[in-house]
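Structure data follow from entry-v5.txt (compact mmCIF, C-alpha atoms):
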# COMPACT_ATOMS: atom_id res chain seq x y z
CA MET A 1 -20.32 7.96 -9.10
CA LYS A 2 -21.84 5.31 -11.34
CA LEU A 3 -19.28 3.19 -13.17
CA ASP A 4 -19.91 1.04 -16.21
CA ALA A 5 -17.93 -1.87 -17.65
CA ARG A 6 -15.65 0.42 -19.68
CA ASP A 7 -14.76 2.47 -16.59
CA LEU A 8 -13.88 -0.75 -14.76
CA ASP A 9 -11.79 -1.90 -17.74
CA ILE A 10 -9.88 1.39 -17.67
CA LEU A 11 -9.17 0.97 -13.95
CA ARG A 12 -8.02 -2.65 -14.44
CA VAL A 13 -5.63 -1.76 -17.25
CA LEU A 14 -4.20 1.24 -15.39
CA ALA A 15 -3.67 -0.83 -12.22
CA ASP A 16 -1.33 -3.11 -14.18
CA GLU A 17 0.09 -0.69 -16.71
CA GLY A 18 0.10 2.85 -15.34
CA ARG A 19 2.42 4.08 -18.09
CA ILE A 20 0.25 2.89 -20.97
CA THR A 21 -0.31 5.54 -23.61
CA LYS A 22 -3.77 7.03 -23.92
CA ALA A 23 -4.06 5.60 -27.44
CA ASP A 24 -3.14 2.10 -26.26
CA LEU A 25 -5.50 2.40 -23.31
CA ALA A 26 -8.34 3.39 -25.62
CA ALA A 27 -7.64 0.44 -27.89
CA ARG A 28 -7.45 -2.00 -24.96
CA VAL A 29 -10.85 -0.94 -23.61
CA GLY A 30 -12.55 -0.66 -26.99
CA LEU A 31 -12.99 3.11 -27.18
CA SER A 32 -11.68 5.83 -29.43
CA ALA A 33 -9.09 8.15 -27.89
CA SER A 34 -11.34 11.11 -27.11
CA PRO A 35 -14.08 9.28 -25.16
CA CYS A 36 -11.43 7.25 -23.33
CA TRP A 37 -9.59 10.45 -22.35
CA GLU A 38 -12.84 11.99 -21.08
CA ARG A 39 -13.57 8.91 -18.96
CA LEU A 40 -10.01 8.93 -17.62
CA LYS A 41 -10.29 12.60 -16.62
CA ARG A 42 -13.65 11.87 -14.94
CA LEU A 43 -12.18 8.93 -12.97
CA GLU A 44 -9.24 11.09 -11.86
CA ALA A 45 -11.50 14.02 -10.90
CA ALA A 46 -13.68 11.68 -8.84
CA GLY A 47 -10.61 10.55 -6.91
CA LEU A 48 -10.85 6.93 -8.07
CA ILE A 49 -7.30 7.14 -9.44
CA GLU A 50 -5.05 8.27 -6.61
CA GLY A 51 -1.82 8.27 -8.61
CA TYR A 52 0.46 6.43 -10.97
CA ASN A 53 3.35 4.46 -9.55
CA ALA A 54 6.24 2.32 -10.68
CA ARG A 55 6.95 -1.08 -9.15
CA ILE A 56 10.65 -1.03 -8.33
CA ALA A 57 12.62 -4.30 -8.33
CA LEU A 58 14.24 -3.82 -4.92
CA LYS A 59 16.36 -6.97 -5.26
CA LYS A 60 18.13 -5.35 -8.22
CA LEU A 61 19.05 -2.39 -6.02
CA GLY A 62 20.61 -4.56 -3.35
CA SER A 63 20.07 -7.02 -0.56
CA HIS A 64 17.09 -6.32 1.69
CA VAL A 65 14.60 -7.98 3.99
CA THR A 66 10.85 -7.46 4.28
CA VAL A 67 9.36 -7.90 7.73
CA PHE A 68 5.78 -7.81 8.94
CA VAL A 69 5.38 -6.69 12.51
CA ALA A 70 2.21 -7.21 14.52
CA VAL A 71 2.04 -4.43 17.11
CA GLU A 72 0.24 -4.18 20.40
CA LEU A 73 0.09 -0.73 22.00
CA ALA A 74 0.58 -0.08 25.70
CA ASP A 75 -2.53 2.11 25.92
CA HIS A 76 -5.77 1.96 24.00
CA THR A 77 -6.87 5.56 24.08
CA PRO A 78 -7.62 7.68 21.03
CA ALA A 79 -4.60 9.85 21.90
CA SER A 80 -2.33 6.78 22.02
CA PHE A 81 -3.54 5.57 18.63
CA ARG A 82 -3.03 9.03 17.10
CA ALA A 83 0.45 9.34 18.63
CA PHE A 84 1.51 5.96 17.28
CA GLU A 85 0.09 6.66 13.81
CA ASP A 86 1.82 10.06 13.69
CA SER A 87 5.11 8.54 14.85
CA VAL A 88 5.09 5.74 12.28
CA GLN A 89 4.99 8.34 9.50
CA ARG A 90 8.55 9.41 10.41
CA TYR A 91 10.11 6.01 9.72
CA GLY A 92 10.80 5.57 6.00
CA GLU A 93 11.49 1.87 6.44
CA VAL A 94 7.86 1.41 7.49
CA THR A 95 6.47 1.05 3.99
CA ALA A 96 2.89 0.29 5.09
CA CYS A 97 0.90 0.20 8.30
CA TRP A 98 -2.65 -0.91 8.92
CA ALA A 99 -4.86 -0.51 12.01
CA LEU A 100 -6.46 -3.83 12.88
CA GLY A 101 -9.58 -4.90 14.67
CA GLY A 102 -9.29 -7.80 17.11
CA GLY A 103 -6.04 -9.17 18.48
CA PHE A 104 -3.21 -6.88 17.49
CA ASP A 105 -3.59 -3.14 17.10
CA TYR A 106 -1.47 -2.63 13.96
CA LEU A 107 0.34 -4.53 11.25
CA MET A 108 3.44 -2.82 9.87
CA GLN A 109 5.38 -3.73 6.75
CA ILE A 110 9.04 -2.84 7.10
CA VAL A 111 11.79 -3.06 4.47
CA THR A 112 15.40 -2.76 5.64
CA ARG A 113 18.86 -3.75 4.45
CA ASP A 114 19.08 -6.75 6.80
CA ILE A 115 17.85 -8.15 10.12
CA ASP A 116 20.38 -6.09 12.09
CA ALA A 117 19.01 -2.89 10.52
CA TYR A 118 15.49 -4.06 11.34
CA GLN A 119 16.41 -4.62 14.98
CA ARG A 120 18.05 -1.18 15.18
CA LEU A 121 14.83 0.35 13.84
CA ILE A 122 12.70 -1.46 16.42
CA ASP A 123 15.14 -0.37 19.15
CA GLN A 124 14.77 3.25 17.96
CA MET A 125 10.99 2.93 18.10
CA LEU A 126 11.13 1.50 21.61
CA GLU A 127 13.51 4.23 22.77
CA ALA A 128 11.29 6.89 21.20
CA ARG A 129 8.39 5.60 23.31
CA ILE A 130 5.87 5.67 20.47
CA GLY A 131 3.54 3.38 22.41
CA LEU A 132 4.79 -0.12 21.56
CA ALA A 133 3.99 -2.59 24.33
CA ARG A 134 4.71 -5.80 22.40
CA TYR A 135 5.62 -6.65 18.85
CA PHE A 136 5.80 -9.86 16.88
CA THR A 137 8.18 -10.19 13.94
CA TYR A 138 7.43 -12.18 10.79
CA ILE A 139 10.23 -12.31 8.21
CA VAL A 140 9.22 -12.72 4.58
CA THR A 141 11.11 -15.66 3.08
CA LYS A 142 9.77 -15.20 -0.45
CA PRO A 143 7.08 -13.19 -2.15
CA VAL A 144 4.19 -15.35 -3.32
CA LYS A 145 1.75 -12.71 -4.56
CA SER A 146 2.32 -8.98 -4.64
CA PRO A 147 -0.35 -6.39 -3.89
CA ARG A 148 -2.82 -6.13 -6.75
CA LEU A 149 -6.15 -4.53 -7.41
CA PRO A 150 -8.92 -6.82 -6.10
CA PRO A 151 -11.64 -7.96 -8.50
CA LEU A 152 -13.68 -4.80 -9.04
CA GLU A 153 -16.88 -6.83 -9.19
CA ILE A 154 -16.81 -7.20 -5.38
CA PHE A 155 -17.92 -3.58 -5.15
CA PHE A 156 -21.02 -4.15 -7.28
CA GLU A 157 -22.52 -7.40 -5.97
Could you write out this structure as structure tokens?
Amino acid sequence: MKLDARDLDILRVLADEGRITKADLAARVGLSASPCWERLKRLEAAGLIEGYNARIALKKLGSHVTVFVAVELADHTPASFRAFEDSVQRYGEVTACWALGGGFDYLMQIVTRDIDAYQRLIDQMLEARIGLARYFTYIVTKPVKSPRLPPLEIFFE
């Protein structure tokens, strides 16, 4: 799908303000409502917009800790990778997980009430024998920059 500057502007605005009205979106990207709506439908149909989400202020809900865990699996077979990836889906506290090349096999992001809850979760994973050989824990002390949309220009250089 070929994107122009207006399409990219629509994606940028929606990444920051998913609840923006269609009229406000059109005004922000310099289009009238109808052409903006058509572009938006085209971007959604092409799968470029996967969904609309709210950023929840977890600290307002209660105390919590965010932990990154570098994981090394015991076995490096396709079946072991699949089994680990399937198992991770069952743990709600694992809010993100990435397969890595070089060094560690996976990087998990975990959010729990406290360090004790984190350790109980890791113990459950070890007891469930999901393939963990070693893991390395990195506790987030403060957020510095939250996940954002990268500069869209990197896709068109």
Practice task
Point out the residue among A:Lys145, A:Ile10, A:Met125, A:Gly51 with the least atom-to-atom distance to Arg90 of chain A, counting only C-alpha atoms.
Solution key: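 The closest residue to Arg90 of chain A is A:Met125.
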Handout entry: Top pick for closest residue to Leu43 of chain A, considering A:Met1, A:Glu85, A:Leu107, A:Ala96 and counting only C-alpha atoms
Key =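 Ranking A:Met1, A:Glu85, A:Leu107, A:Ala96 by distance to Leu43 of chain A, first place goes to A:Met1.
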Handout entry: Pick from A:Gly62, A:Ala70, A:Lys2, A:Asp7, whichever lies nearest to Gly102 of chain A using all atoms listed in the file
Key = A:Ala70
Problem - Contacts of segment 141-143 of chain A at 12 Å (all atoms listed in the file; same-chain gap of 6+ positions) as a PyMOL selection string - result: chain A and resi 59+64-68
Practice task
Name all residues at most 12 Å from Pro35 of chain A (count only C-alpha atoms; drop same-chain ones fewer than 6 positions away) and give them as a list of chain:residue names.
Solution key: A:Arg6, A:Asp7, A:Ile10, A:Lys22, A:Ala23, A:Leu25, A:Ala26, A:Ala27, A:Val29, A:Lys41, A:Arg42
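Minimum atom-to-atom distances from A:Val71, A:Val13, A:Leu121, A:Ala5 to Gly101 of chain A were compared using all atoms listed in the file, and the lowest value belongs to A:Val71.
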